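Okay, work.tsv now, which holds TSV, C-alpha atoms:
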chain	number	residue	atom	x	y	z
G	474	MET	CA	50.91	280.32	219.38
G	475	SER	CA	48.77	282.44	221.71
G	476	ILE	CA	49.95	283.77	225.06
G	477	HIS	CA	47.44	281.50	226.80
G	478	SER	CA	48.81	278.32	225.30
G	479	ILE	CA	52.23	279.41	226.53
G	480	ASP	CA	50.94	280.23	230.03
G	481	MET	CA	49.38	276.90	230.82
G	482	PRO	CA	52.24	274.44	230.70
G	483	ILE	CA	54.71	276.73	232.52
G	484	GLU	CA	52.26	277.43	235.34
G	485	GLN	CA	51.29	273.81	235.57
G	486	ARG	CA	54.86	272.57	235.62
G	487	ASN	CA	55.92	274.88	238.42
G	488	THR	CA	52.90	275.07	240.71
G	489	GLY	CA	50.43	272.31	239.89
G	490	LYS	CA	47.96	275.00	238.82
G	491	GLY	CA	45.44	273.54	236.43
G	492	ASN	CA	46.35	269.95	237.17
G	493	PRO	CA	42.96	268.23	237.69
G	494	ASN	CA	44.18	265.99	240.50
G	495	ALA	CA	45.83	268.90	242.31
G	496	VAL	CA	42.71	271.04	241.88
G	497	LEU	CA	40.56	268.26	243.27
G	498	MET	CA	42.72	266.91	246.09
G	499	PHE	CA	44.66	269.97	247.25
G	500	GLY	CA	42.47	272.88	246.21
G	501	VAL	CA	45.12	274.19	243.83
G	502	GLU	CA	43.94	277.02	241.58
G	503	LEU	CA	42.89	276.64	237.99
G	504	ASN	CA	45.46	277.99	235.56
G	505	ASN	CA	44.81	281.26	233.75
G	506	ARG	CA	43.31	279.83	230.60
G	507	GLN	CA	41.03	277.52	232.61
G	508	LYS	CA	39.87	280.53	234.65
G	509	MET	CA	39.10	282.39	231.43
G	510	LEU	CA	37.15	279.43	230.10
G	511	LEU	CA	35.13	279.15	233.29
G	512	GLU	CA	34.29	282.85	233.22
G	513	LYS	CA	32.72	282.29	229.82
G	514	LEU	CA	30.90	279.16	231.00
G	515	PRO	CA	29.08	280.42	234.10
G	516	GLU	CA	26.07	278.09	234.15
G	517	PHE	CA	24.39	274.97	232.79
G	518	ASP	CA	24.29	274.97	228.98
G	519	SER	CA	26.71	277.88	228.60
G	520	ARG	CA	28.49	277.40	225.28
G	521	ILE	CA	31.63	278.92	223.78
G	522	ILE	CA	33.69	278.41	220.67
G	523	VAL	CA	37.44	278.78	221.13
G	524	SER	CA	40.54	277.97	219.11
G	525	ARG	CA	41.74	274.39	219.13
G	526	SER	CA	45.03	275.29	220.79
G	527	SER	CA	43.40	277.08	223.72
G	528	VAL	CA	41.72	274.09	225.38
G	529	ASN	CA	42.24	270.36	225.76
G	530	MET	CA	40.49	267.55	227.62
G	531	THR	CA	42.74	267.94	230.65
G	532	ASP	CA	41.47	271.52	230.99
G	533	LEU	CA	37.91	270.21	231.02
G	534	ALA	CA	38.85	267.65	233.66
G	535	ALA	CA	40.24	270.50	235.78
G	536	LEU	CA	37.01	272.47	235.32
G	537	THR	CA	35.07	269.38	236.40
G	538	ALA	CA	37.31	268.98	239.44
G	539	TYR	CA	36.66	272.64	240.33
G	540	THR	CA	32.90	272.81	239.65
G	541	GLY	CA	31.65	269.22	239.93
G	542	ASP	CA	29.94	269.65	236.56
G	543	GLU	CA	30.32	267.79	233.29
G	544	PHE	CA	31.82	269.53	230.26
G	545	ALA	CA	31.68	268.36	226.63
G	546	MET	CA	33.99	269.29	223.76
G	547	PHE	CA	33.33	269.12	220.01
G	548	THR	CA	36.00	269.94	217.41
G	549	LYS	CA	35.73	271.23	213.85
G	550	GLY	CA	38.92	272.23	212.07
G	551	ASN	CA	40.68	274.75	214.26
G	552	GLU	CA	37.74	275.47	216.55
G	553	ARG	CA	36.35	273.79	219.58
G	554	LEU	CA	32.81	274.06	220.96
G	555	ILE	CA	32.69	273.70	224.75
G	556	ILE	CA	29.40	273.10	226.57
G	557	ARG	CA	28.94	273.15	230.32
G	558	GLY	CA	26.59	270.56	231.76
G	559	GLY	CA	25.38	269.66	235.22
G	560	LYS	CA	26.28	266.90	237.67
G	561	THR	CA	25.11	264.06	235.43
G	562	ASN	CA	24.11	265.66	232.15
G	563	VAL	CA	24.93	267.91	229.24
G	564	ASN	CA	22.22	269.49	227.11
G	565	ILE	CA	22.96	267.41	224.01
G	566	ASP	CA	20.25	265.04	222.85
G	567	THR	CA	20.54	262.97	219.69
G	568	ALA	CA	18.81	265.64	217.57
G	569	GLN	CA	21.41	268.23	218.60
G	570	ALA	CA	24.22	265.70	218.16
G	571	LYS	CA	23.12	265.06	214.56
G	572	VAL	CA	23.09	268.81	213.87
G	573	LEU	CA	26.66	269.13	215.20
G	574	ALA	CA	27.77	266.14	213.14
G	575	ASN	CA	26.20	267.62	210.01
G	576	GLU	CA	28.04	270.87	210.69
G	577	GLY	CA	31.30	268.93	210.64
G	578	TYR	CA	31.99	268.63	214.34
G	579	ARG	CA	33.69	265.62	215.88
G	580	TRP	CA	32.89	264.69	219.48
G	581	SER	CA	36.33	265.01	221.08
G	582	GLY	CA	35.18	263.97	224.52
G	583	HIS	CA	33.45	264.89	227.74
G	584	THR	CA	33.87	264.56	231.48
G	585	HIS	CA	32.12	262.63	234.23
G	586	PRO	CA	32.56	263.99	237.76
G	587	GLY	CA	34.17	261.42	240.04
G	588	LEU	CA	37.40	260.00	241.35
G	589	ASN	CA	37.86	256.54	239.91
G	590	TYR	CA	37.21	254.20	237.03
G	591	ASN	CA	33.58	253.62	238.08
G	592	CYS	CA	32.65	257.00	236.67
G	593	LEU	CA	34.56	256.50	233.41
G	594	THR	CA	32.17	253.99	231.89
G	595	ALA	CA	30.00	255.25	229.05
G	596	SER	CA	26.30	255.77	229.66
G	597	LEU	CA	23.63	254.58	227.28
G	598	GLY	CA	23.28	258.22	226.24
G	599	ASP	CA	27.02	258.44	225.50
G	600	LYS	CA	26.84	255.44	223.18
G	601	THR	CA	23.76	256.81	221.44
G	602	VAL	CA	25.29	260.24	220.89
G	603	LEU	CA	28.50	258.71	219.54
G	604	LYS	CA	26.44	256.87	216.91
G	605	CYS	CA	25.36	260.28	215.58
G	606	PHE	CA	28.96	261.04	214.56
G	607	PRO	CA	31.02	259.28	211.86
G	608	GLN	CA	33.96	258.70	214.24
G	609	LYS	CA	34.31	255.34	216.01
G	610	THR	CA	35.50	256.44	219.45
G	611	SER	CA	35.42	259.27	221.98
G	612	VAL	CA	36.90	259.75	225.45
G	613	ILE	CA	35.61	260.31	228.97
G	614	TYR	CA	37.78	262.05	231.60
G	615	ASN	CA	37.09	262.07	235.34
G	616	SER	CA	37.81	264.79	237.90
G	617	LYS	CA	41.37	263.50	238.44
G	618	GLY	CA	42.26	263.66	234.76
G	619	GLN	CA	42.13	259.88	234.23
G	620	TYR	CA	40.50	258.87	230.98
G	621	LEU	CA	39.07	255.92	229.08
G	622	THR	CA	38.20	255.61	225.41
G	623	PHE	CA	34.83	254.14	224.49
G	624	SER	CA	33.42	253.00	221.19
G	625	LYS	CA	30.15	252.44	219.41
G	626	GLU	CA	28.63	249.03	220.07
G	627	GLU	CA	29.59	246.64	217.30
H	1228	MET	CA	36.33	245.30	220.72
H	1229	CYS	CA	39.50	247.08	221.77
H	1230	LYS	CA	42.87	245.71	220.67
H	1231	LEU	CA	44.09	245.39	224.26
H	1232	PHE	CA	41.34	242.90	225.02
H	1233	ASP	CA	42.52	240.77	222.13
H	1234	ASP	CA	46.12	241.08	223.29
H	1235	TRP	CA	45.21	240.09	226.86
H	1236	LYS	CA	42.56	237.55	225.93
H	1237	LYS	CA	44.49	234.49	227.13
H	1238	GLU	CA	45.13	235.97	230.58
H	1239	ILE	CA	41.56	237.22	230.92
H	1240	ARG	CA	40.19	233.82	230.00
H	1241	GLU	CA	42.49	232.20	232.57
H	1242	TYR	CA	41.36	234.62	235.28
H	1243	CYS	CA	37.71	233.97	234.48
H	1244	GLU	CA	38.18	230.20	234.56
H	1245	ASN	CA	40.04	230.35	237.87
H	1246	ASN	CA	37.40	232.55	239.49
H	1247	GLY	CA	34.17	230.94	238.33
H	1248	LEU	CA	33.40	233.69	235.82
H	1249	SER	CA	32.16	233.32	232.27
H	1250	PHE	CA	34.72	234.50	229.72
H	1251	GLU	CA	32.05	234.29	227.03
H	1252	ALA	CA	29.89	236.73	228.99
H	1253	ALA	CA	32.91	238.98	229.61
H	1254	GLU	CA	33.61	239.16	225.89
H	1255	LYS	CA	30.09	240.45	225.27
H	1256	LEU	CA	30.28	243.32	227.77
H	1257	SER	CA	31.03	246.88	226.68
H	1258	GLN	CA	34.69	247.88	226.86
H	1259	SER	CA	36.44	251.15	227.61
H	1260	TRP	CA	40.20	251.42	227.71
H	1261	ASN	CA	43.39	253.41	227.88
H	1262	LYS	CA	47.02	252.34	227.40
H	1263	THR	CA	47.17	250.13	230.50
H	1264	THR	CA	43.56	249.52	231.50
H	1265	ILE	CA	40.38	247.88	230.27
H	1266	VAL	CA	37.05	248.34	232.00
H	1267	LEU	CA	34.24	245.90	231.23
H	1268	TYR	CA	30.76	247.24	231.92
H	1269	HIS	CA	27.14	246.57	231.21
H	1270	CYS	CA	25.45	249.03	228.84
H	1271	GLU	CA	21.92	248.51	227.55
H	1272	SER	CA	21.73	247.81	223.84
H	1273	GLN	CA	18.86	250.10	222.90
H	1274	ASN	CA	19.35	253.77	222.01
H	1275	SER	CA	18.50	256.73	224.20
H	1276	ASP	CA	17.31	259.79	222.29
H	1277	SER	CA	17.85	261.92	225.38
H	1278	GLY	CA	21.58	261.48	224.77
H	1279	LEU	CA	23.76	263.30	227.28
H	1280	LEU	CA	20.74	264.64	229.12
H	1281	ASN	CA	20.78	261.32	230.97
H	1282	ASP	CA	24.46	260.63	231.43
H	1283	GLU	CA	24.71	258.24	234.38
H	1284	PRO	CA	27.76	255.97	233.92
H	1285	SER	CA	26.98	252.31	233.31
H	1286	PRO	CA	27.76	249.71	236.01
H	1287	MET	CA	31.42	248.63	235.98
H	1288	VAL	CA	31.76	244.85	236.06
H	1289	LEU	CA	35.50	244.18	235.91
H	1290	LEU	CA	38.60	246.39	236.01
H	1291	ILE	CA	41.70	244.94	234.32
H	1292	ARG	CA	45.06	246.69	234.58
H	1293	ARG	CA	48.59	245.98	233.39
H	1294	GLU	CA	50.85	246.99	236.28
H	1295	LYS	CA	54.36	248.41	235.84
H	1296	ASN	CA	55.83	245.03	236.80
H	1297	GLY	CA	54.05	243.49	233.82
H	1298	ARG	CA	51.48	241.64	235.87
H	1299	LEU	CA	47.82	241.80	234.85
H	1300	THR	CA	45.57	242.59	237.84
H	1301	PHE	CA	41.80	242.24	238.10
H	1302	GLU	CA	39.34	244.05	240.35
H	1303	GLN	CA	35.81	242.77	240.70
H	1304	THR	CA	32.93	245.06	241.65
H	1305	GLU	CA	29.51	244.66	243.24
H	1306	HIS	CA	28.21	243.98	239.70
H	1307	THR	CA	30.65	241.20	238.77
H	1308	ASP	CA	28.60	238.26	239.96
H	1309	LYS	CA	25.41	239.54	238.37
H	1310	TYR	CA	26.92	239.71	234.90
H	1311	LEU	CA	29.77	237.20	234.92
H	1312	LYS	CA	29.19	234.49	237.53
H	1313	LYS	CA	28.87	231.04	235.96
H	1314	VAL	CA	25.60	229.34	236.82
H	1315	SER	CA	26.38	225.82	238.01
Mind turning this structure into structure tokens?
Amino acid sequence: MSIHSIDMPIEQRNTGKGNPNAVLMFGVELNNRQKMLLEKLPEFDSRIIVSRSSVNMTDLAALTAYTGDEFAMFTKGNERLIIRGGKTNVNIDTAQAKVLANEGYRWSGHTHPGLNYNCLTASLGDKTVLKCFPQKTSVIYNSKGQYLTFSKEE
Amino acid sequence: MCKLFDDWKKEIREYCENNGLSFEAAEKLSQSWNKTTIVLYHCESQNSDSGLLNDEPSPMVLLIRREKNGRLTFEQTEHTDKYLKKVS
């Protein structure tokens, strides 16, 4: 276990740091590992690969609460690829999605900026990208940390 | 189709019938869900090669939630009539 995976839950439990809803509604700080992630994702289409244990979807929701941008996460074995997007997009078209799928990545999920369930519905692009991967479902988180699972059309 | 929709089908059908909505149309909408919630929404059926480059959420049609007291609650949206209203 890395020091960062130890830091997050203790900070979050005691101060609300890193909690997406607290970040969004009360201006609470990101936790240390979220700050480190954001430093490495300074602009649209910044990409990093980190260990699986050092980031989860709630972290991406917190980053969305803080920045207003979408973030997408793909997982392969013990590594996660994180991509920063913009307000309503991430630079992943179907060609890139197929490349990631062929490399063995699974689409763990992504975020949609917003406060309620309206923003948690899948877009046409979400459904199309999911079809590029062998998995059946993926998740969308909003800026408060709420999530919904969506699936390929049957 | 998500398992929750199947589990709640009887109550959803009853709500639709009592509110002039088409359960058959509701069944055909896209579904997203978590442990206590189902969202029905309209998503076009064709593919979009631009993928996440055009990531506007689809219009939500009906929000269905199981409350802590066990009651199923429904919230309509500005898109409900367009996609679910029964034509008389």
task: Check every residue of chain G for an atom within 8 Å of chain H, counting all atoms listed in the file, and provide those that qualify as a ChimeraX atom specification.
output: /G:561-568,585,590-602,620-624,626-627
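Considering the residues H:Lys1230, H:Leu1248, H:Lys1255, H:Glu1238 and counting all atoms listed in the file, H:Ile1291 has its shortest atom-to-atom contact with H:Glu1238.
Atom CA of G:Gln507 to atom CA of G:Lys571 spans 28.3 Å [interatomic distance, one decimal].
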_stretch 490-498 of chain G surroundings by all atoms listed in the file, 7 Å radius, close-in-sequence under 4 positions cut, as a PyMOL selection string_ = chain G and resi 484-485+502-504+534-535+538-539+616-618
Which neighbours of G:Arg525 fall inside 10 Å, counting all atoms listed in the file, when residues of the same chain fewer than 2 positions from it are skipped, and could you give them as a PyMOL selection string? chain G and resi 522-523+527-529+547-554
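Note that the spacing between atom CA of G:Arg506 and atom CA of G:Leu588 amounts to 23.3 Å.
Atom CA of H:Glu1241 is positioned 29.2 Å from atom CA of G:Ile613.
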(request) Would you list the contacts of G:Glu543 as number ranges by chain, taking every protein, DNA or RNA residue within 6 Å and counting only C-alpha atoms, but skipping same-chain residues closer than 4 positions in sequence? (result) G: 537, 558-559, 584-585
Quick one: everything within 10 Å of H:Ala1252, counting only C-alpha atoms, minus sequence neighbours fewer than 2 positions away in the same chain. Send it as a PyMOL selection string. chain H and resi 1243+1248-1250+1254-1256+1310-1313
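Distances here use all atoms listed in the file; by that measure, the residue among G:Met546, G:Arg557, G:Lys609, G:Ser526 closest to G:Leu511 is G:Arg557.
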How would stretch 1253-1266 of chain H look with N, CA and C atoms restored, written as a PDB file, keeping the file's coordinate frame?
ATOM      1  N   ALA H1253      31.994 237.831 229.518  1.00  0.00           N
ATOM      2  CA  ALA H1253      32.910 238.980 229.610  1.00  0.00           C
ATOM      3  C   ALA H1253      33.177 239.578 228.231  1.00  0.00           C
ATOM      4  N   GLU H1254      33.328 238.701 227.265  1.00  0.00           N
ATOM      5  CA  GLU H1254      33.610 239.160 225.890  1.00  0.00           C
ATOM      6  C   GLU H1254      32.481 240.018 225.337  1.00  0.00           C
ATOM      7  N   LYS H1255      31.261 239.751 225.816  1.00  0.00           N
ATOM      8  CA  LYS H1255      30.090 240.450 225.270  1.00  0.00           C
ATOM      9  C   LYS H1255      29.822 241.791 225.950  1.00  0.00           C
ATOM     10  N   LEU H1256      30.498 242.054 227.071  1.00  0.00           N
ATOM     11  CA  LEU H1256      30.280 243.320 227.770  1.00  0.00           C
ATOM     12  C   LEU H1256      30.887 244.487 226.988  1.00  0.00           C
ATOM     13  N   SER H1257      30.419 245.689 227.268  1.00  0.00           N
ATOM     14  CA  SER H1257      31.030 246.880 226.680  1.00  0.00           C
ATOM     15  C   SER H1257      32.434 247.068 227.245  1.00  0.00           C
ATOM     16  N   GLN H1258      33.306 247.677 226.450  1.00  0.00           N
ATOM     17  CA  GLN H1258      34.690 247.880 226.860  1.00  0.00           C
ATOM     18  C   GLN H1258      35.076 249.359 226.724  1.00  0.00           C
ATOM     19  N   SER H1259      35.754 249.851 227.738  1.00  0.00           N
ATOM     20  CA  SER H1259      36.440 251.150 227.610  1.00  0.00           C
ATOM     21  C   SER H1259      37.884 250.911 228.011  1.00  0.00           C
ATOM     22  N   TRP H1260      38.790 251.735 227.506  1.00  0.00           N
ATOM     23  CA  TRP H1260      40.200 251.420 227.710  1.00  0.00           C
ATOM     24  C   TRP H1260      41.092 252.657 227.609  1.00  0.00           C
ATOM     25  N   ASN H1261      42.293 252.501 228.188  1.00  0.00           N
ATOM     26  CA  ASN H1261      43.390 253.410 227.880  1.00  0.00           C
ATOM     27  C   ASN H1261      44.639 252.552 227.644  1.00  0.00           C
ATOM     28  N   LYS H1262      45.829 253.102 227.788  1.00  0.00           N
ATOM     29  CA  LYS H1262      47.020 252.340 227.400  1.00  0.00           C
ATOM     30  C   LYS H1262      47.293 251.141 228.299  1.00  0.00           C
ATOM     31  N   THR H1263      46.833 251.197 229.558  1.00  0.00           N
ATOM     32  CA  THR H1263      47.170 250.130 230.500  1.00  0.00           C
ATOM     33  C   THR H1263      45.950 249.492 231.160  1.00  0.00           C
ATOM     34  N   THR H1264      44.773 249.915 230.775  1.00  0.00           N
ATOM     35  CA  THR H1264      43.560 249.520 231.500  1.00  0.00           C
ATOM     36  C   THR H1264      42.423 249.175 230.559  1.00  0.00           C
ATOM     37  N   ILE H1265      41.666 248.156 230.938  1.00  0.00           N
ATOM     38  CA  ILE H1265      40.380 247.880 230.270  1.00  0.00           C
ATOM     39  C   ILE H1265      39.317 247.816 231.358  1.00  0.00           C
ATOM     40  N   VAL H1266      38.207 248.468 231.123  1.00  0.00           N
ATOM     41  CA  VAL H1266      37.050 248.340 232.000  1.00  0.00           C
ATOM     42  C   VAL H1266      35.946 247.634 231.223  1.00  0.00           C
TER      43      VAL H1266
END
